[in-house]
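> Just one file: my_file.pdb, with PDB, N, CA and C atoms.
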```pdb
ATOM      1  N   MET A   1      14.227  -0.130  -2.435  1.00  0.00           N
ATOM      2  CA  MET A   1      12.791  -0.297  -2.548  1.00  0.00           C
ATOM      3  C   MET A   1      12.148   0.136  -1.221  1.00  0.00           C
ATOM      4  N   VAL A   2      10.942   0.668  -1.331  1.00  0.00           N
ATOM      5  CA  VAL A   2      10.229   1.204  -0.174  1.00  0.00           C
ATOM      6  C   VAL A   2       8.911   0.456   0.014  1.00  0.00           C
ATOM      7  N   GLN A   3       8.575   0.158   1.271  1.00  0.00           N
ATOM      8  CA  GLN A   3       7.280  -0.449   1.600  1.00  0.00           C
ATOM      9  C   GLN A   3       6.475   0.553   2.409  1.00  0.00           C
ATOM     10  N   ILE A   4       5.247   0.787   1.944  1.00  0.00           N
ATOM     11  CA  ILE A   4       4.327   1.682   2.647  1.00  0.00           C
ATOM     12  C   ILE A   4       3.163   0.850   3.159  1.00  0.00           C
ATOM     13  N   THR A   5       2.889   0.954   4.440  1.00  0.00           N
ATOM     14  CA  THR A   5       1.774   0.239   5.046  1.00  0.00           C
ATOM     15  C   THR A   5       0.742   1.263   5.500  1.00  0.00           C
ATOM     16  N   LEU A   6      -0.469   1.115   4.981  1.00  0.00           N
ATOM     17  CA  LEU A   6      -1.561   2.028   5.305  1.00  0.00           C
ATOM     18  C   LEU A   6      -2.636   1.301   6.087  1.00  0.00           C
ATOM     19  N   LYS A   7      -3.144   1.926   7.123  1.00  0.00           N
ATOM     20  CA  LYS A   7      -4.343   1.447   7.813  1.00  0.00           C
ATOM     21  C   LYS A   7      -5.499   2.235   7.211  1.00  0.00           C
ATOM     22  N   ILE A   8      -6.489   1.518   6.681  1.00  0.00           N
ATOM     23  CA  ILE A   8      -7.591   2.165   5.969  1.00  0.00           C
ATOM     24  C   ILE A   8      -8.926   1.745   6.575  1.00  0.00           C
ATOM     25  N   ASP A   9      -9.776   2.726   6.790  1.00  0.00           N
ATOM     26  CA  ASP A   9     -11.112   2.489   7.317  1.00  0.00           C
ATOM     27  C   ASP A   9     -12.124   2.562   6.180  1.00  0.00           C
ATOM     28  N   GLY A  10     -13.090   1.641   6.191  1.00  0.00           N
ATOM     29  CA  GLY A  10     -14.181   1.698   5.224  1.00  0.00           C
ATOM     30  C   GLY A  10     -14.205   0.569   4.221  1.00  0.00           C
ATOM     31  N   MET A  11     -13.126  -0.206   4.108  1.00  0.00           N
ATOM     32  CA  MET A  11     -13.133  -1.331   3.172  1.00  0.00           C
ATOM     33  C   MET A  11     -13.957  -2.473   3.768  1.00  0.00           C
ATOM     34  N   MET A  12     -14.949  -2.946   3.011  1.00  0.00           N
ATOM     35  CA  MET A  12     -15.848  -3.984   3.515  1.00  0.00           C
ATOM     36  C   MET A  12     -15.792  -5.288   2.728  1.00  0.00           C
ATOM     37  N   CYS A  13     -15.211  -5.253   1.511  1.00  0.00           N
ATOM     38  CA  CYS A  13     -15.237  -6.455   0.672  1.00  0.00           C
ATOM     39  C   CYS A  13     -14.091  -6.424  -0.331  1.00  0.00           C
ATOM     40  N   GLY A  14     -14.024  -7.438  -1.148  1.00  0.00           N
ATOM     41  CA  GLY A  14     -12.995  -7.538  -2.171  1.00  0.00           C
ATOM     42  C   GLY A  14     -13.073  -6.418  -3.195  1.00  0.00           C
ATOM     43  N   MET A  15     -14.272  -5.952  -3.485  1.00  0.00           N
ATOM     44  CA  MET A  15     -14.422  -4.857  -4.443  1.00  0.00           C
ATOM     45  C   MET A  15     -13.835  -3.565  -3.880  1.00  0.00           C
ATOM     46  N   CYS A  16     -13.988  -3.356  -2.588  1.00  0.00           N
ATOM     47  CA  CYS A  16     -13.379  -2.197  -1.935  1.00  0.00           C
ATOM     48  C   CYS A  16     -11.852  -2.262  -2.078  1.00  0.00           C
ATOM     49  N   GLU A  17     -11.284  -3.434  -1.868  1.00  0.00           N
ATOM     50  CA  GLU A  17      -9.845  -3.625  -2.036  1.00  0.00           C
ATOM     51  C   GLU A  17      -9.422  -3.250  -3.450  1.00  0.00           C
ATOM     52  N   SER A  18     -10.195  -3.680  -4.444  1.00  0.00           N
ATOM     53  CA  SER A  18      -9.889  -3.375  -5.847  1.00  0.00           C
ATOM     54  C   SER A  18      -9.939  -1.881  -6.116  1.00  0.00           C
ATOM     55  N   HIS A  19     -10.922  -1.186  -5.546  1.00  0.00           N
ATOM     56  CA  HIS A  19     -11.024   0.262  -5.743  1.00  0.00           C
ATOM     57  C   HIS A  19      -9.780   0.968  -5.219  1.00  0.00           C
ATOM     58  N   VAL A  20      -9.330   0.590  -4.032  1.00  0.00           N
ATOM     59  CA  VAL A  20      -8.141   1.205  -3.441  1.00  0.00           C
ATOM     60  C   VAL A  20      -6.913   0.873  -4.285  1.00  0.00           C
ATOM     61  N   ASN A  21      -6.747  -0.404  -4.651  1.00  0.00           N
ATOM     62  CA  ASN A  21      -5.586  -0.822  -5.435  1.00  0.00           C
ATOM     63  C   ASN A  21      -5.531  -0.086  -6.772  1.00  0.00           C
ATOM     64  N   ASP A  22      -6.656   0.004  -7.466  1.00  0.00           N
ATOM     65  CA  ASP A  22      -6.705   0.675  -8.763  1.00  0.00           C
ATOM     66  C   ASP A  22      -6.374   2.161  -8.638  1.00  0.00           C
ATOM     67  N   ALA A  23      -6.883   2.807  -7.601  1.00  0.00           N
ATOM     68  CA  ALA A  23      -6.614   4.233  -7.393  1.00  0.00           C
ATOM     69  C   ALA A  23      -5.121   4.468  -7.172  1.00  0.00           C
ATOM     70  N   VAL A  24      -4.484   3.609  -6.391  1.00  0.00           N
ATOM     71  CA  VAL A  24      -3.043   3.741  -6.125  1.00  0.00           C
ATOM     72  C   VAL A  24      -2.254   3.513  -7.409  1.00  0.00           C
ATOM     73  N   ARG A  25      -2.604   2.473  -8.166  1.00  0.00           N
ATOM     74  CA  ARG A  25      -1.887   2.171  -9.417  1.00  0.00           C
ATOM     75  C   ARG A  25      -2.013   3.306 -10.437  1.00  0.00           C
ATOM     76  N   ARG A  26      -3.187   3.935 -10.505  1.00  0.00           N
ATOM     77  CA  ARG A  26      -3.382   5.028 -11.461  1.00  0.00           C
ATOM     78  C   ARG A  26      -2.584   6.276 -11.080  1.00  0.00           C
ATOM     79  N   ALA A  27      -2.397   6.521  -9.797  1.00  0.00           N
ATOM     80  CA  ALA A  27      -1.770   7.754  -9.326  1.00  0.00           C
ATOM     81  C   ALA A  27      -0.251   7.669  -9.145  1.00  0.00           C
ATOM     82  N   PHE A  28       0.277   6.460  -8.941  1.00  0.00           N
ATOM     83  CA  PHE A  28       1.699   6.315  -8.618  1.00  0.00           C
ATOM     84  C   PHE A  28       2.323   5.148  -9.376  1.00  0.00           C
ATOM     85  N   PRO A  29       3.627   5.251  -9.675  1.00  0.00           N
ATOM     86  CA  PRO A  29       4.337   4.123 -10.307  1.00  0.00           C
ATOM     87  C   PRO A  29       4.788   3.124  -9.235  1.00  0.00           C
ATOM     88  N   VAL A  30       3.942   2.163  -8.932  1.00  0.00           N
ATOM     89  CA  VAL A  30       4.249   1.187  -7.875  1.00  0.00           C
ATOM     90  C   VAL A  30       4.596  -0.165  -8.478  1.00  0.00           C
ATOM     91  N   LYS A  31       5.375  -0.932  -7.735  1.00  0.00           N
ATOM     92  CA  LYS A  31       5.714  -2.293  -8.138  1.00  0.00           C
ATOM     93  C   LYS A  31       4.579  -3.255  -7.797  1.00  0.00           C
ATOM     94  N   LYS A  32       4.017  -3.060  -6.580  1.00  0.00           N
ATOM     95  CA  LYS A  32       2.976  -3.971  -6.107  1.00  0.00           C
ATOM     96  C   LYS A  32       2.094  -3.228  -5.117  1.00  0.00           C
ATOM     97  N   VAL A  33       0.807  -3.547  -5.156  1.00  0.00           N
ATOM     98  CA  VAL A  33      -0.121  -3.015  -4.160  1.00  0.00           C
ATOM     99  C   VAL A  33      -1.107  -4.121  -3.811  1.00  0.00           C
ATOM    100  N   ALA A  34      -1.321  -4.332  -2.522  1.00  0.00           N
ATOM    101  CA  ALA A  34      -2.243  -5.373  -2.060  1.00  0.00           C
ATOM    102  C   ALA A  34      -3.020  -4.841  -0.857  1.00  0.00           C
ATOM    103  N   SER A  35      -4.329  -5.019  -0.912  1.00  0.00           N
ATOM    104  CA  SER A  35      -5.198  -4.559   0.175  1.00  0.00           C
ATOM    105  C   SER A  35      -5.918  -5.735   0.814  1.00  0.00           C
ATOM    106  N   SER A  36      -6.268  -5.575   2.079  1.00  0.00           N
ATOM    107  CA  SER A  36      -7.028  -6.584   2.807  1.00  0.00           C
ATOM    108  C   SER A  36      -8.114  -5.871   3.603  1.00  0.00           C
ATOM    109  N   HIS A  37      -9.376  -6.154   3.266  1.00  0.00           N
ATOM    110  CA  HIS A  37     -10.457  -5.512   4.022  1.00  0.00           C
ATOM    111  C   HIS A  37     -10.572  -6.102   5.417  1.00  0.00           C
ATOM    112  N   THR A  38     -10.194  -7.384   5.593  1.00  0.00           N
ATOM    113  CA  THR A  38     -10.280  -8.001   6.918  1.00  0.00           C
ATOM    114  C   THR A  38      -9.238  -7.417   7.876  1.00  0.00           C
ATOM    115  N   LYS A  39      -8.062  -7.073   7.362  1.00  0.00           N
ATOM    116  CA  LYS A  39      -7.018  -6.462   8.183  1.00  0.00           C
ATOM    117  C   LYS A  39      -7.130  -4.947   8.196  1.00  0.00           C
ATOM    118  N   GLY A  40      -7.883  -4.401   7.235  1.00  0.00           N
ATOM    119  CA  GLY A  40      -8.013  -2.951   7.138  1.00  0.00           C
ATOM    120  C   GLY A  40      -6.715  -2.283   6.755  1.00  0.00           C
ATOM    121  N   GLN A  41      -5.968  -2.927   5.840  1.00  0.00           N
ATOM    122  CA  GLN A  41      -4.686  -2.346   5.469  1.00  0.00           C
ATOM    123  C   GLN A  41      -4.370  -2.532   3.996  1.00  0.00           C
ATOM    124  N   THR A  42      -3.488  -1.673   3.518  1.00  0.00           N
ATOM    125  CA  THR A  42      -2.962  -1.753   2.165  1.00  0.00           C
ATOM    126  C   THR A  42      -1.447  -1.682   2.263  1.00  0.00           C
ATOM    127  N   ILE A  43      -0.767  -2.556   1.519  1.00  0.00           N
ATOM    128  CA  ILE A  43       0.691  -2.555   1.483  1.00  0.00           C
ATOM    129  C   ILE A  43       1.121  -2.242   0.060  1.00  0.00           C
ATOM    130  N   ILE A  44       2.012  -1.262  -0.068  1.00  0.00           N
ATOM    131  CA  ILE A  44       2.489  -0.799  -1.365  1.00  0.00           C
ATOM    132  C   ILE A  44       4.001  -0.966  -1.416  1.00  0.00           C
ATOM    133  N   LEU A  45       4.501  -1.524  -2.525  1.00  0.00           N
ATOM    134  CA  LEU A  45       5.934  -1.605  -2.769  1.00  0.00           C
ATOM    135  C   LEU A  45       6.257  -0.701  -3.944  1.00  0.00           C
ATOM    136  N   SER A  46       7.287   0.129  -3.775  1.00  0.00           N
ATOM    137  CA  SER A  46       7.661   1.091  -4.800  1.00  0.00           C
ATOM    138  C   SER A  46       9.178   1.212  -4.855  1.00  0.00           C
ATOM    139  N   ASP A  47       9.689   1.554  -6.042  1.00  0.00           N
ATOM    140  CA  ASP A  47      11.139   1.764  -6.177  1.00  0.00           C
ATOM    141  C   ASP A  47      11.607   3.004  -5.434  1.00  0.00           C
ATOM    142  N   GLY A  48      10.754   4.017  -5.363  1.00  0.00           N
ATOM    143  CA  GLY A  48      11.120   5.262  -4.695  1.00  0.00           C
ATOM    144  C   GLY A  48      10.068   5.664  -3.688  1.00  0.00           C
ATOM    145  N   GLU A  49      10.382   6.731  -2.948  1.00  0.00           N
ATOM    146  CA  GLU A  49       9.430   7.221  -1.946  1.00  0.00           C
ATOM    147  C   GLU A  49       8.210   7.836  -2.624  1.00  0.00           C
ATOM    148  N   ILE A  50       7.079   7.763  -1.935  1.00  0.00           N
ATOM    149  CA  ILE A  50       5.820   8.317  -2.411  1.00  0.00           C
ATOM    150  C   ILE A  50       5.379   9.375  -1.408  1.00  0.00           C
ATOM    151  N   ASP A  51       4.861  10.485  -1.917  1.00  0.00           N
ATOM    152  CA  ASP A  51       4.352  11.559  -1.065  1.00  0.00           C
ATOM    153  C   ASP A  51       3.115  11.033  -0.320  1.00  0.00           C
ATOM    154  N   LEU A  52       3.239  10.878   0.996  1.00  0.00           N
ATOM    155  CA  LEU A  52       2.160  10.281   1.782  1.00  0.00           C
ATOM    156  C   LEU A  52       0.909  11.155   1.818  1.00  0.00           C
ATOM    157  N   GLU A  53       1.070  12.470   1.760  1.00  0.00           N
ATOM    158  CA  GLU A  53      -0.107  13.353   1.757  1.00  0.00           C
ATOM    159  C   GLU A  53      -0.894  13.198   0.451  1.00  0.00           C
ATOM    160  N   LYS A  54      -0.176  13.077  -0.660  1.00  0.00           N
ATOM    161  CA  LYS A  54      -0.853  12.863  -1.947  1.00  0.00           C
ATOM    162  C   LYS A  54      -1.530  11.497  -1.952  1.00  0.00           C
ATOM    163  N   LEU A  55      -0.861  10.498  -1.370  1.00  0.00           N
ATOM    164  CA  LEU A  55      -1.427   9.156  -1.280  1.00  0.00           C
ATOM    165  C   LEU A  55      -2.720   9.168  -0.465  1.00  0.00           C
ATOM    166  N   ARG A  56      -2.716   9.888   0.654  1.00  0.00           N
ATOM    167  CA  ARG A  56      -3.933  10.030   1.472  1.00  0.00           C
ATOM    168  C   ARG A  56      -5.058  10.662   0.661  1.00  0.00           C
ATOM    169  N   ALA A  57      -4.724  11.706  -0.096  1.00  0.00           N
ATOM    170  CA  ALA A  57      -5.729  12.410  -0.892  1.00  0.00           C
ATOM    171  C   ALA A  57      -6.328  11.498  -1.962  1.00  0.00           C
ATOM    172  N   VAL A  58      -5.497  10.685  -2.601  1.00  0.00           N
ATOM    173  CA  VAL A  58      -5.969   9.760  -3.641  1.00  0.00           C
ATOM    174  C   VAL A  58      -6.936   8.741  -3.043  1.00  0.00           C
ATOM    175  N   ILE A  59      -6.599   8.194  -1.883  1.00  0.00           N
ATOM    176  CA  ILE A  59      -7.456   7.181  -1.257  1.00  0.00           C
ATOM    177  C   ILE A  59      -8.714   7.825  -0.675  1.00  0.00           C
ATOM    178  N   ASP A  60      -8.577   8.996  -0.074  1.00  0.00           N
ATOM    179  CA  ASP A  60      -9.756   9.705   0.458  1.00  0.00           C
ATOM    180  C   ASP A  60     -10.758  10.005  -0.651  1.00  0.00           C
ATOM    181  N   ALA A  61     -10.269  10.275  -1.860  1.00  0.00           N
ATOM    182  CA  ALA A  61     -11.143  10.569  -2.999  1.00  0.00           C
ATOM    183  C   ALA A  61     -11.986   9.359  -3.408  1.00  0.00           C
ATOM    184  N   THR A  62     -11.554   8.161  -3.030  1.00  0.00           N
ATOM    185  CA  THR A  62     -12.317   6.947  -3.350  1.00  0.00           C
ATOM    186  C   THR A  62     -13.402   6.676  -2.309  1.00  0.00           C
ATOM    187  N   GLY A  63     -13.401   7.437  -1.201  1.00  0.00           N
ATOM    188  CA  GLY A  63     -14.425   7.261  -0.183  1.00  0.00           C
ATOM    189  C   GLY A  63     -13.950   6.504   1.050  1.00  0.00           C
ATOM    190  N   TYR A  64     -12.678   6.125   1.084  1.00  0.00           N
ATOM    191  CA  TYR A  64     -12.113   5.419   2.232  1.00  0.00           C
ATOM    192  C   TYR A  64     -11.232   6.395   3.003  1.00  0.00           C
ATOM    193  N   THR A  65     -10.922   6.070   4.252  1.00  0.00           N
ATOM    194  CA  THR A  65     -10.157   6.971   5.105  1.00  0.00           C
ATOM    195  C   THR A  65      -8.854   6.318   5.533  1.00  0.00           C
ATOM    196  N   VAL A  66      -7.740   7.017   5.289  1.00  0.00           N
ATOM    197  CA  VAL A  66      -6.433   6.535   5.744  1.00  0.00           C
ATOM    198  C   VAL A  66      -6.276   6.929   7.203  1.00  0.00           C
ATOM    199  N   LEU A  67      -6.130   5.925   8.070  1.00  0.00           N
ATOM    200  CA  LEU A  67      -5.977   6.177   9.505  1.00  0.00           C
ATOM    201  C   LEU A  67      -4.521   6.406   9.881  1.00  0.00           C
ATOM    202  N   SER A  68      -3.614   5.681   9.218  1.00  0.00           N
ATOM    203  CA  SER A  68      -2.184   5.860   9.477  1.00  0.00           C
ATOM    204  C   SER A  68      -1.391   5.387   8.265  1.00  0.00           C
ATOM    205  N   ALA A  69      -0.155   5.892   8.175  1.00  0.00           N
ATOM    206  CA  ALA A  69       0.732   5.530   7.061  1.00  0.00           C
ATOM    207  C   ALA A  69       2.155   5.409   7.585  1.00  0.00           C
ATOM    208  N   GLU A  70       2.809   4.306   7.233  1.00  0.00           N
ATOM    209  CA  GLU A  70       4.207   4.081   7.623  1.00  0.00           C
ATOM    210  C   GLU A  70       5.004   3.759   6.379  1.00  0.00           C
ATOM    211  N   GLN A  71       6.175   4.374   6.266  1.00  0.00           N
ATOM    212  CA  GLN A  71       7.050   4.126   5.123  1.00  0.00           C
ATOM    213  C   GLN A  71       8.373   3.602   5.655  1.00  0.00           C
ATOM    214  N   ALA A  72       8.881   2.492   5.082  1.00  0.00           N
ATOM    215  CA  ALA A  72      10.131   1.898   5.544  1.00  0.00           C
ATOM    216  C   ALA A  72      10.867   1.263   4.368  1.00  0.00           C
ATOM    217  N   ASP A  73      12.172   1.095   4.526  1.00  0.00           N
ATOM    218  CA  ASP A  73      12.946   0.391   3.509  1.00  0.00           C
ATOM    219  C   ASP A  73      12.485  -1.053   3.444  1.00  0.00           C
ATOM    220  N   TYR A  74      12.517  -1.621   2.230  1.00  0.00           N
ATOM    221  CA  TYR A  74      12.063  -2.992   2.032  1.00  0.00           C
ATOM    222  C   TYR A  74      13.189  -3.810   1.430  1.00  0.00           C
ATOM    223  N   GLN A  75      13.456  -4.936   2.031  1.00  0.00           N
ATOM    224  CA  GLN A  75      14.417  -5.888   1.501  1.00  0.00           C
ATOM    225  C   GLN A  75      13.681  -7.167   1.175  1.00  0.00           C
ATOM    226  N   LYS A  76      13.792  -7.600  -0.059  1.00  0.00           N
ATOM    227  CA  LYS A  76      13.103  -8.813  -0.479  1.00  0.00           C
ATOM    228  C   LYS A  76      13.665  -9.993   0.298  1.00  0.00           C
ATOM    229  N   LYS A  77      12.752 -10.807   0.816  1.00  0.00           N
ATOM    230  CA  LYS A  77      13.146 -11.995   1.556  1.00  0.00           C
ATOM    231  C   LYS A  77      12.697 -13.221   0.767  1.00  0.00           C
ATOM    232  N   GLY A  78      13.602 -14.113   0.581  1.00  0.00           N
ATOM    233  CA  GLY A  78      13.261 -15.321  -0.168  1.00  0.00           C
ATOM    234  C   GLY A  78      13.956 -16.523   0.434  1.00  0.00           C
ATOM    235  N   LEU A  79      13.826 -17.619  -0.223  1.00  0.00           N
ATOM    236  CA  LEU A  79      14.385 -18.879   0.256  1.00  0.00           C
ATOM    237  C   LEU A  79      15.899 -18.790   0.449  1.00  0.00           C
ATOM    238  N   PHE A  80      16.587 -18.076  -0.437  1.00  0.00           N
ATOM    239  CA  PHE A  80      18.040 -18.037  -0.372  1.00  0.00           C
ATOM    240  C   PHE A  80      18.581 -16.815   0.371  1.00  0.00           C
ATOM    241  N   SER A  81      17.726 -16.046   1.000  1.00  0.00           N
ATOM    242  CA  SER A  81      18.178 -14.847   1.700  1.00  0.00           C
ATOM    243  C   SER A  81      19.075 -15.178   2.890  1.00  0.00           C
ATOM    244  N   ILE A  82      18.893 -16.350   3.488  1.00  0.00           N
ATOM    245  CA  ILE A  82      19.736 -16.712   4.649  1.00  0.00           C
ATOM    246  C   ILE A  82      21.166 -17.012   4.238  1.00  0.00           C
ATOM    247  N   LEU A  83      21.392 -17.311   2.959  1.00  0.00           N
ATOM    248  CA  LEU A  83      22.749 -17.609   2.492  1.00  0.00           C
ATOM    249  C   LEU A  83      23.587 -16.345   2.396  1.00  0.00           C
ATOM    250  N   GLY A  84      22.959 -15.196   2.284  1.00  0.00           N
ATOM    251  CA  GLY A  84      23.676 -13.939   2.157  1.00  0.00           C
ATOM    252  C   GLY A  84      24.233 -13.419   3.466  1.00  0.00           C
ATOM    253  N   LYS A  85      23.888 -14.046   4.562  1.00  0.00           N
ATOM    254  CA  LYS A  85      24.342 -13.582   5.882  1.00  0.00           C
ATOM    255  C   LYS A  85      25.691 -14.141   6.227  1.00  0.00           C
TER
END
```
Translate this file's structure into structure tokens.

Amino acid sequence: MVQITLKIDGMMCGMCESHVNDAVRRAFPVKKVASSHTKGQTIILSDGEIDLEKLRAVIDATGYTVLSAEQADYQKKGLFSILGK
């Protein structure tokens, strides 16, 4: 699983977060997407890698600006994750 963290400029409220989340869901097969206008970021979880340039274009089309994008492997952490060590 892959986690993508985007820094986004222009989100001012919860509706802005919804616009970004909906645009990402429509364009890509993601497991989870969550945005925060107070942090100015969106976090996306996906089974596979996503083309970051296409992702930028999708978000730019909504009127917001992607300032940076980071993609990294994601390992689910839960209550019992410490038992696996």
> Kindly resolve the PyMOL selection byres (((chain A and resi 39-42 and name CA) around 10) and name CA) on the present coordinates and return the residues as a ChimeraX atom specification.
/A:4-12,17,20-21,24,33-38,43-44,66-69
> Between atom C of A:Lys77 and atom CA of A:Met15, what is the distance in Å, rounded to a tenth?
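Computing it gives 28.9 Å between the two atoms.
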> What is the distance, in Å and to one decimal place, between atom CA of A:Met1 and atom CA of A:Gly48?
6.2 Å
> For this file, the PyMOL selection byres (((chain A and resi 72 and name CA) around 10) and name CA) selects which residues, as a PyMOL selection string?
chain A and resi 1-5+45+49+70-71+73-75
> Output N, CA and C atoms of each residue in that selection to a file, as a short mmCIF file (atom, residue, chain, number, x, y, z; two decimals), in the coordinates of the input.

```
data_model
loop_
_atom_site.label_atom_id
_atom_site.label_comp_id
_atom_site.auth_asym_id
_atom_site.auth_seq_id
_atom_site.Cartn_x
_atom_site.Cartn_y
_atom_site.Cartn_z
N MET A 1 14.23 -0.13 -2.44
CA MET A 1 12.79 -0.30 -2.55
C MET A 1 12.15 0.14 -1.22
N VAL A 2 10.94 0.67 -1.33
CA VAL A 2 10.23 1.20 -0.17
C VAL A 2 8.91 0.46 0.01
N GLN A 3 8.57 0.16 1.27
CA GLN A 3 7.28 -0.45 1.60
C GLN A 3 6.48 0.55 2.41
N ILE A 4 5.25 0.79 1.94
CA ILE A 4 4.33 1.68 2.65
C ILE A 4 3.16 0.85 3.16
N THR A 5 2.89 0.95 4.44
CA THR A 5 1.77 0.24 5.05
C THR A 5 0.74 1.26 5.50
N LEU A 45 4.50 -1.52 -2.52
CA LEU A 45 5.93 -1.60 -2.77
C LEU A 45 6.26 -0.70 -3.94
N GLU A 49 10.38 6.73 -2.95
CA GLU A 49 9.43 7.22 -1.95
C GLU A 49 8.21 7.84 -2.62
N GLU A 70 2.81 4.31 7.23
CA GLU A 70 4.21 4.08 7.62
C GLU A 70 5.00 3.76 6.38
N GLN A 71 6.18 4.37 6.27
CA GLN A 71 7.05 4.13 5.12
C GLN A 71 8.37 3.60 5.66
N ASP A 73 12.17 1.10 4.53
CA ASP A 73 12.95 0.39 3.51
C ASP A 73 12.48 -1.05 3.44
N TYR A 74 12.52 -1.62 2.23
CA TYR A 74 12.06 -2.99 2.03
C TYR A 74 13.19 -3.81 1.43
N GLN A 75 13.46 -4.94 2.03
CA GLN A 75 14.42 -5.89 1.50
C GLN A 75 13.68 -7.17 1.18
#
```
> I need the alpha helix (DSSP H) residues of chain A per DSSP on the backbone, written as a VMD selection string.
chain A and resid 14 to 27 52 to 60
> Based on the backbone DSSP call, show me all residues of stretch 5-45 of chain A assigned strand (DSSP E or B), as a PyMOL selection string.
chain A and resi 5-9+32-36+41-45
> How many Å separate atom C of A:Cys16 from atom N of A:Thr65?
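Those two atoms sit 10.5 Å apart.
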> Using only N, CA and C atoms, which of the listed residues (A:Cys13, A:Asp47, A:Leu52, A:Ser18) sits closest to A:Lys32?
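For A:Lys32, the nearest of the candidates is A:Asp47.
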> Edge lengths and centre in Å to one decimal, as lines of an AutoDock Vina configuration file, of the axis-aligned box that encloses all listed atoms of stretch 9-18 of chain A with 4 Å added on every side?

```
center_x = -12.6
center_y = -2.4
center_z = 0.6
size_x = 14.4
size_y = 18.3
size_z = 21.4
```
> Quick one: everything within 8 Å of A:Thr62, counting all atoms listed in the file, minus sequence neighbours fewer than 4 positions away in the same chain. Send it as a list in words.
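Near neighbours after the sequence-gap exclusion: His19, Val20, Ala23, Arg56, Ala57 and Val58 of chain A.
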